[in-house]
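S.K.: What follows is a structure written as structure tokens; I'll ask about it next.
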Amino acid sequence: MASRLRGGAGPMSGAHPLRGSVAVAGVAESDLGEVGPGRYSIELAAQAAVRALADAGIDKREVDGLFGVMSRHTLPAVDLGEYLGIRPRYSDSTMMGGSSFVSYLHHAAAALHAGVCDVALIAYGSAQRSIGRYGKPVPVSSEGPNYERRYRPRGAMSGYALAASRHMYEYGTTREHLAEVAVAARAWAQLNPMAFRRDPLTVEDVLNRPVLSSPFTSLDCCLTTDGGGAAVLVRSERMKDLPHSAVYLLGAGEAHWHSSISQMQDLTVSATSDSAARAFAMSGLRPADIDVVELYDAFTINTIMFLEDMGFCPKGEGGPFVAGGRIAPGGELPVNTNGGGLSYCHPGMYGIFTIIEAVRQLRGSAGDRQQADVHTAVAHGNGGQLSSQATVILGDESTL
Amino acid sequence: MKPGHEILVENLHPAATFEEGLAQGKLLYQRCDDCGVAQFYPRVMCSTCGSVRVQFAQSDGTGVVYAVTAVAATGDPYSVCLVDLDEGFRMMSTVVEMPAAEVSIGLRVACRFEQEADEVWRAVFVAAPAQ
């Protein structure tokens with residue numbers, strides 16, 4: 001089996017060497033929502049890490065690859081290593097925003113495959129909501145130069161709103177299409193006891209909120225919550241000793257084309273078109289082969305654009321594609337089955353949660369929201385202002 | 001000097017040059033001598049072809065709104081736009097002297113200069129007179 005996974009003999013010969021070579025052994029969330037005063041981001045990351053290692057059945061002392069970043073830490077992997085008492089021989093704090101954690105699956109797969117580490121731990125935490133409410137927020141600044149700030153865009157929201165304006169202009173995407181994304185996310189959240197917002201939501205509710213940065217109302221925007229998440233990866237042959245059925249990494253891809261929104265060439269096409277193409281090419285699968293999609297829905301336009309850019313529908317047809325409950329529970333394509341960043345949890349950066357939910361769906365352990373016959377899943381992370389994109393394709397034993 | 005270095009010494013502070021231009025009522029951008037592509041924001045090299053032979057030029061300040069959002073504020077909403085200048089570069093700005101909700105994609109606009117309370121100069125835009 002090992003030789004087949006490494007692209008040796010067997011039906012997958014000629015496959016990419018990383019395809020199926022590593023597996024996600026454990027995943028976990030920390031406490032989510034609003035954790036209250038006196039708690040720190042690194043504590044949530046550590047709580048998630050402890051739980052993910054327990055889920056994997058792997059002792060903390062075995063971790064020799066450490067992957068993580070937290071917004072207000074200058075030396076995030078170093079801080080995590082100290083806090084957890086891990087002395088890694090391979091570390092990665094690549095910061096490309098919320099997609100970082102999906103990119104770490106790619107990086108960890110390469111590192112595990114190369115043998116430069118044996119057990120990879122990915123961890124994230126943020127107490128942003130509670131720190132904002134009970135503590136003293138730390139101002140985030142960057143050196144510059146900056147050619148946008150003087151026009152006072154409302155944070156990242158205005159960047160995504162500009163993209164939405166262009167998508168509506170070019171393709172006739174409607175205000176209602178955007179709202180359908182939020183409504184579908186909420187319907188999934190109602191099936192997830194960990195979700196932050198679970199009260200019913202209609203298209204009219206979304207439209208009737210005040211406009212913050214047109215076309216978005218507050219309900220087009222992700223939550224602001226606390227939370228952490230973690231994942232543990234090993235080479236696939238290790239899985240036979242571990243408690244859970246393996247969730248294999250079949251494909252991974254990354255791309256970033258711009259950082260600031262004014263440098264994005266076509267506001268309707270994100271670098272997801274590259275990251276997803278790379279991930280699908282490695283996996284040998286197509287969008288039609290995918291059973292569940294977990295993507296980073298920072299704003300409602302994300303879901304529409306990323307479904308297009310990943311190839312689930314043609315460019316420009318994302319609005320009609322999400323309409324009529326197609327991505328909601330009972331629809332044709334389950335998207336963001338945990339409720340997403342819009343209704344489940346969004347602690348500053350959301351990418352790790354796409355992995356956690358994809359793994360749970362593949363294991364069949366997603367409770368009331370579990371989909372039937374899940375063999376393949378996409379986890380897709382986004383960072384900045386539609387800037388950095390990372391896509392992974394995960395699958396169960398049947399996909400090798 | 002190594003090839004290219006003699007040019008780089010002339011172009012070592014493009015951000016500062018841009019700000020100085022704004023303070024003099026000039027909207028500066030760059031064009032690459034080698035590939036001809038217009039570039040904004042100003043850089044020490046061409047982000048298209050990698051050449052260091054990039055030259056500042058003054059924009060006529062006319063263009064078209066590529067994307068727009070109206071941002072809610074304590075008073076009236078204000079617009080945040082991406083403007084495609086006629087010389088072939090794009091920048092973030094705002095269209096003033098009209099309600100933000102009426103700023104539409106495709107609107108022809110012309111540049112004005114204003115100084116903020118913090119003394120930062122901004123190139124802003126107004127609807128261009130009909131041609």
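By order in the structure tokens, chains are A, B, ...; within a chain, residues start at 1; ligands start at 1, following the order shown.
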Which chain B residues are at most 9 Å from chain A (counting only C-alpha atoms), as a VMD selection string?
M.R.: chain B and resid 15 to 16 40 to 41 66 to 73 77 79 to 83 90 to 94 101 105 116 120 to 122 124
S.K.: Please run DSSP on the backbone and report, as a VMD selection string, all residues within chain B that come out as alpha helix (DSSP H).
M.R.: chain B and resid 5 to 8 14 to 23
S.K.: Could you write out that same residue set with C-alpha atoms as a compact mmCIF listing (two decimals), in the first residue's frame?
M.R.:
# COMPACT_ATOMS: atom_id res chain seq x y z
CA HIS B 5 22.06 49.79 -10.32
CA GLU B 6 22.62 53.16 -12.00
CA ILE B 7 18.87 53.29 -12.66
CA LEU B 8 17.86 52.12 -9.21
CA PRO B 14 8.84 56.17 -5.33
CA ALA B 15 6.27 56.44 -2.52
CA ALA B 16 7.73 59.74 -1.38
CA THR B 17 7.86 61.03 -4.96
CA PHE B 18 4.18 60.20 -5.36
CA GLU B 19 3.24 62.07 -2.18
CA GLU B 20 5.30 65.09 -3.24
CA GLY B 21 3.41 65.08 -6.54
CA LEU B 22 0.05 65.05 -4.78
CA ALA B 23 1.07 68.04 -2.67
S.K.: Give me the residues within 10 Å of B:Cys49 as a list of chain:residue names, counting only C-alpha atoms and dropping any in the same chain fewer than 6 places off.
M.R.: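 Counting only C-alpha atoms, the residues come to B:Cys32, B:Asp34, B:Cys35, B:Gly36, B:Val37.
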S.K.: Pick out the residues sitting within 7 Å of A:Ala189, and hand them over as an MDAnalysis selection string; count only C-alpha atoms, and ignore anything fewer than 6 positions along from it in its own chain.
M.R.: chainID A and resid 195 197:198 338:339 343:344
S.K.: Residues at most 12 Å from A:Asp226, counting only C-alpha atoms, excluding those fewer than 5 positions away in the same chain, as a PDB file with N, CA and C atoms, in the first residue's frame?
M.R.:
ATOM      1  N   GLU A  29     -11.989  21.788  17.804  1.00  0.00           N
ATOM      2  CA  GLU A  29     -12.190  23.196  18.105  1.00  0.00           C
ATOM      3  C   GLU A  29     -11.821  23.440  19.565  1.00  0.00           C
ATOM      4  N   SER A  30     -11.495  24.684  19.868  1.00  0.00           N
ATOM      5  CA  SER A  30     -11.440  25.127  21.267  1.00  0.00           C
ATOM      6  C   SER A  30     -12.846  25.557  21.668  1.00  0.00           C
ATOM      7  N   ASP A  31     -12.971  26.155  22.846  1.00  0.00           N
ATOM      8  CA  ASP A  31     -14.216  26.846  23.168  1.00  0.00           C
ATOM      9  C   ASP A  31     -14.438  27.914  22.108  1.00  0.00           C
ATOM     10  N   LEU A  32     -15.687  28.104  21.717  1.00  0.00           N
ATOM     11  CA  LEU A  32     -16.006  29.039  20.642  1.00  0.00           C
ATOM     12  C   LEU A  32     -16.976  30.099  21.137  1.00  0.00           C
ATOM     13  N   GLY A  33     -17.227  31.062  20.293  1.00  0.00           N
ATOM     14  CA  GLY A  33     -18.265  32.051  20.584  1.00  0.00           C
ATOM     15  C   GLY A  33     -17.701  33.235  21.324  1.00  0.00           C
ATOM     16  N   GLU A  34     -18.149  33.405  22.583  1.00  0.00           N
ATOM     17  CA  GLU A  34     -17.588  34.452  23.427  1.00  0.00           C
ATOM     18  C   GLU A  34     -17.083  33.794  24.697  1.00  0.00           C
ATOM     19  N   VAL A  35     -15.783  33.704  24.834  1.00  0.00           N
ATOM     20  CA  VAL A  35     -15.212  32.914  25.928  1.00  0.00           C
ATOM     21  C   VAL A  35     -15.131  33.699  27.226  1.00  0.00           C
ATOM     22  N   GLY A  36     -15.332  35.020  27.158  1.00  0.00           N
ATOM     23  CA  GLY A  36     -15.355  35.815  28.375  1.00  0.00           C
ATOM     24  C   GLY A  36     -14.018  36.446  28.683  1.00  0.00           C
ATOM     25  N   PRO A  37     -13.994  37.280  29.753  1.00  0.00           N
ATOM     26  CA  PRO A  37     -12.779  38.036  30.048  1.00  0.00           C
ATOM     27  C   PRO A  37     -11.652  37.153  30.573  1.00  0.00           C
ATOM     28  N   ARG A  39      -9.134  35.658  29.048  1.00  0.00           N
ATOM     29  CA  ARG A  39      -8.589  34.544  28.264  1.00  0.00           C
ATOM     30  C   ARG A  39      -7.858  35.093  27.039  1.00  0.00           C
ATOM     31  N   TYR A  40      -6.857  34.376  26.615  1.00  0.00           N
ATOM     32  CA  TYR A  40      -5.979  34.837  25.539  1.00  0.00           C
ATOM     33  C   TYR A  40      -6.048  33.912  24.329  1.00  0.00           C
ATOM     34  N   SER A  41      -5.673  34.474  23.186  1.00  0.00           N
ATOM     35  CA  SER A  41      -5.715  33.735  21.921  1.00  0.00           C
ATOM     36  C   SER A  41      -4.888  32.463  21.995  1.00  0.00           C
ATOM     37  N   ILE A  42      -3.700  32.558  22.588  1.00  0.00           N
ATOM     38  CA  ILE A  42      -2.815  31.395  22.597  1.00  0.00           C
ATOM     39  C   ILE A  42      -3.386  30.283  23.485  1.00  0.00           C
ATOM     40  N   GLU A  43      -4.198  30.672  24.477  1.00  0.00           N
ATOM     41  CA  GLU A  43      -4.834  29.662  25.319  1.00  0.00           C
ATOM     42  C   GLU A  43      -5.883  28.868  24.532  1.00  0.00           C
ATOM     43  N   LEU A  44      -6.592  29.562  23.653  1.00  0.00           N
ATOM     44  CA  LEU A  44      -7.573  28.862  22.816  1.00  0.00           C
ATOM     45  C   LEU A  44      -6.868  27.961  21.802  1.00  0.00           C
ATOM     46  N   ALA A  45      -5.764  28.453  21.232  1.00  0.00           N
ATOM     47  CA  ALA A  45      -4.995  27.612  20.310  1.00  0.00           C
ATOM     48  C   ALA A  45      -4.500  26.358  21.022  1.00  0.00           C
ATOM     49  N   TYR A 124      -4.527  27.247  15.798  1.00  0.00           N
ATOM     50  CA  TYR A 124      -4.914  28.652  15.714  1.00  0.00           C
ATOM     51  C   TYR A 124      -5.847  28.985  16.872  1.00  0.00           C
ATOM     52  N   GLY A 125      -5.765  30.221  17.328  1.00  0.00           N
ATOM     53  CA  GLY A 125      -6.723  30.694  18.309  1.00  0.00           C
ATOM     54  C   GLY A 125      -6.845  32.200  18.255  1.00  0.00           C
ATOM     55  N   SER A 126      -8.016  32.686  18.617  1.00  0.00           N
ATOM     56  CA  SER A 126      -8.204  34.131  18.743  1.00  0.00           C
ATOM     57  C   SER A 126      -9.279  34.409  19.770  1.00  0.00           C
ATOM     58  N   ALA A 127      -8.973  35.304  20.696  1.00  0.00           N
ATOM     59  CA  ALA A 127      -9.951  35.776  21.676  1.00  0.00           C
ATOM     60  C   ALA A 127     -10.389  37.192  21.321  1.00  0.00           C
ATOM     61  N   GLN A 128     -10.440  37.483  20.007  1.00  0.00           N
ATOM     62  CA  GLN A 128     -10.676  38.854  19.553  1.00  0.00           C
ATOM     63  C   GLN A 128     -11.988  39.440  20.078  1.00  0.00           C
ATOM     64  N   ARG A 129     -13.036  38.628  20.123  1.00  0.00           N
ATOM     65  CA  ARG A 129     -14.325  39.169  20.554  1.00  0.00           C
ATOM     66  C   ARG A 129     -14.279  39.584  22.023  1.00  0.00           C
ATOM     67  N   SER A 130     -13.766  38.682  22.855  1.00  0.00           N
ATOM     68  CA  SER A 130     -13.733  38.981  24.288  1.00  0.00           C
ATOM     69  C   SER A 130     -12.725  40.072  24.618  1.00  0.00           C
ATOM     70  N   ILE A 131     -11.581  40.058  23.924  1.00  0.00           N
ATOM     71  CA  ILE A 131     -10.592  41.113  24.170  1.00  0.00           C
ATOM     72  C   ILE A 131     -11.170  42.463  23.773  1.00  0.00           C
ATOM     73  N   GLY A 132     -11.914  42.478  22.658  1.00  0.00           N
ATOM     74  CA  GLY A 132     -12.548  43.726  22.223  1.00  0.00           C
ATOM     75  C   GLY A 132     -13.588  44.216  23.216  1.00  0.00           C
ATOM     76  N   ARG A 133     -14.274  43.279  23.854  1.00  0.00           N
ATOM     77  CA  ARG A 133     -15.367  43.651  24.756  1.00  0.00           C
ATOM     78  C   ARG A 133     -14.879  43.945  26.172  1.00  0.00           C
ATOM     79  N   ALA A 195     -22.756  26.316  16.774  1.00  0.00           N
ATOM     80  CA  ALA A 195     -22.844  27.549  15.978  1.00  0.00           C
ATOM     81  C   ALA A 195     -23.263  28.736  16.835  1.00  0.00           C
ATOM     82  N   PHE A 196     -22.743  29.900  16.499  1.00  0.00           N
ATOM     83  CA  PHE A 196     -22.943  31.121  17.281  1.00  0.00           C
ATOM     84  C   PHE A 196     -24.329  31.723  17.047  1.00  0.00           C
ATOM     85  N   GLY A 341     -18.398  30.887   8.383  1.00  0.00           N
ATOM     86  CA  GLY A 341     -18.008  32.104   9.089  1.00  0.00           C
ATOM     87  C   GLY A 341     -19.173  33.056   9.265  1.00  0.00           C
ATOM     88  N   TYR A 344     -21.560  30.248  12.085  1.00  0.00           N
ATOM     89  CA  TYR A 344     -21.020  29.276  13.065  1.00  0.00           C
ATOM     90  C   TYR A 344     -19.957  29.928  13.950  1.00  0.00           C
ATOM     91  N   CYS A 345     -18.928  30.482  13.318  1.00  0.00           N
ATOM     92  CA  CYS A 345     -17.781  30.917  14.092  1.00  0.00           C
ATOM     93  C   CYS A 345     -16.850  31.689  13.170  1.00  0.00           C
ATOM     94  N   HIS A 346     -16.338  32.826  13.618  1.00  0.00           N
ATOM     95  CA  HIS A 346     -15.331  33.529  12.821  1.00  0.00           C
ATOM     96  C   HIS A 346     -14.407  34.316  13.735  1.00  0.00           C
ATOM     97  N   PRO A 347     -13.385  33.650  14.258  1.00  0.00           N
ATOM     98  CA  PRO A 347     -12.460  34.320  15.168  1.00  0.00           C
ATOM     99  C   PRO A 347     -11.282  34.951  14.416  1.00  0.00           C
ATOM    100  N   GLY A 348     -11.534  35.926  13.613  1.00  0.00           N
ATOM    101  CA  GLY A 348     -10.471  36.642  12.911  1.00  0.00           C
ATOM    102  C   GLY A 348     -10.015  35.944  11.654  1.00  0.00           C
ATOM    103  N   MET A 349      -9.560  34.717  11.815  1.00  0.00           N
ATOM    104  CA  MET A 349      -9.188  33.906  10.653  1.00  0.00           C
ATOM    105  C   MET A 349      -9.899  32.571  10.787  1.00  0.00           C
ATOM    106  N   TYR A 350     -10.500  32.116   9.683  1.00  0.00           N
ATOM    107  CA  TYR A 350     -11.462  31.010   9.755  1.00  0.00           C
ATOM    108  C   TYR A 350     -10.942  29.716   9.134  1.00  0.00           C
TER     109      TYR A 350
END
S.K.: Taking only C-alpha atoms into account, which of B:Val96, B:Thr74, B:Glu87, B:Gln115 comes nearest B:Ala127?
M.R.: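 Of all the options, B:Val96 lies closest to B:Ala127.
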S.K.: Could you list, as a PyMOL selection string, every residue within 8 Å of B:Leu85, counting only C-alpha atoms and ignoring same-chain residues fewer than 5 positions away?
M.R.: chain B and resi 59+61-64+90-91
S.K.: To one decimal place, how far is atom CA of A:Ala108 from atom CA of A:Asp79 in Å?
M.R.: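 Between these atoms lies a distance of 18.9 Å.
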S.K.: Give me the residues within 7 Å of A:Met282 as number ranges by chain, counting only C-alpha atoms and dropping any in the same chain fewer than 6 places off.
M.R.: A: 16, 19, 250-252
S.K.: Quick one: DSSP strand (DSSP E or B) residues in chain B, as a ChimeraX atom specification?
M.R.: /B:28-32,38-39,54-58,62-71,78-85,90-93,95,108-115,121-127
S.K.: When distances are computed from only C-alpha atoms, which of B:Asn11, B:Gly75, B:Gln24, B:Ala38 shows the smallest separation from B:Val52?
M.R.: B:Asn11
S.K.: So what do you get for atom CA of A:Met70 versus atom CA of A:Ser93, distance-wise?
M.R.: 8.7 Å
S.K.: What does the structure give for the distance between atom CA of A:Gly65 and atom CA of A:Ala48, in Å to one decimal?
M.R.: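 That distance, rounded to one decimal, is 16.2 Å.
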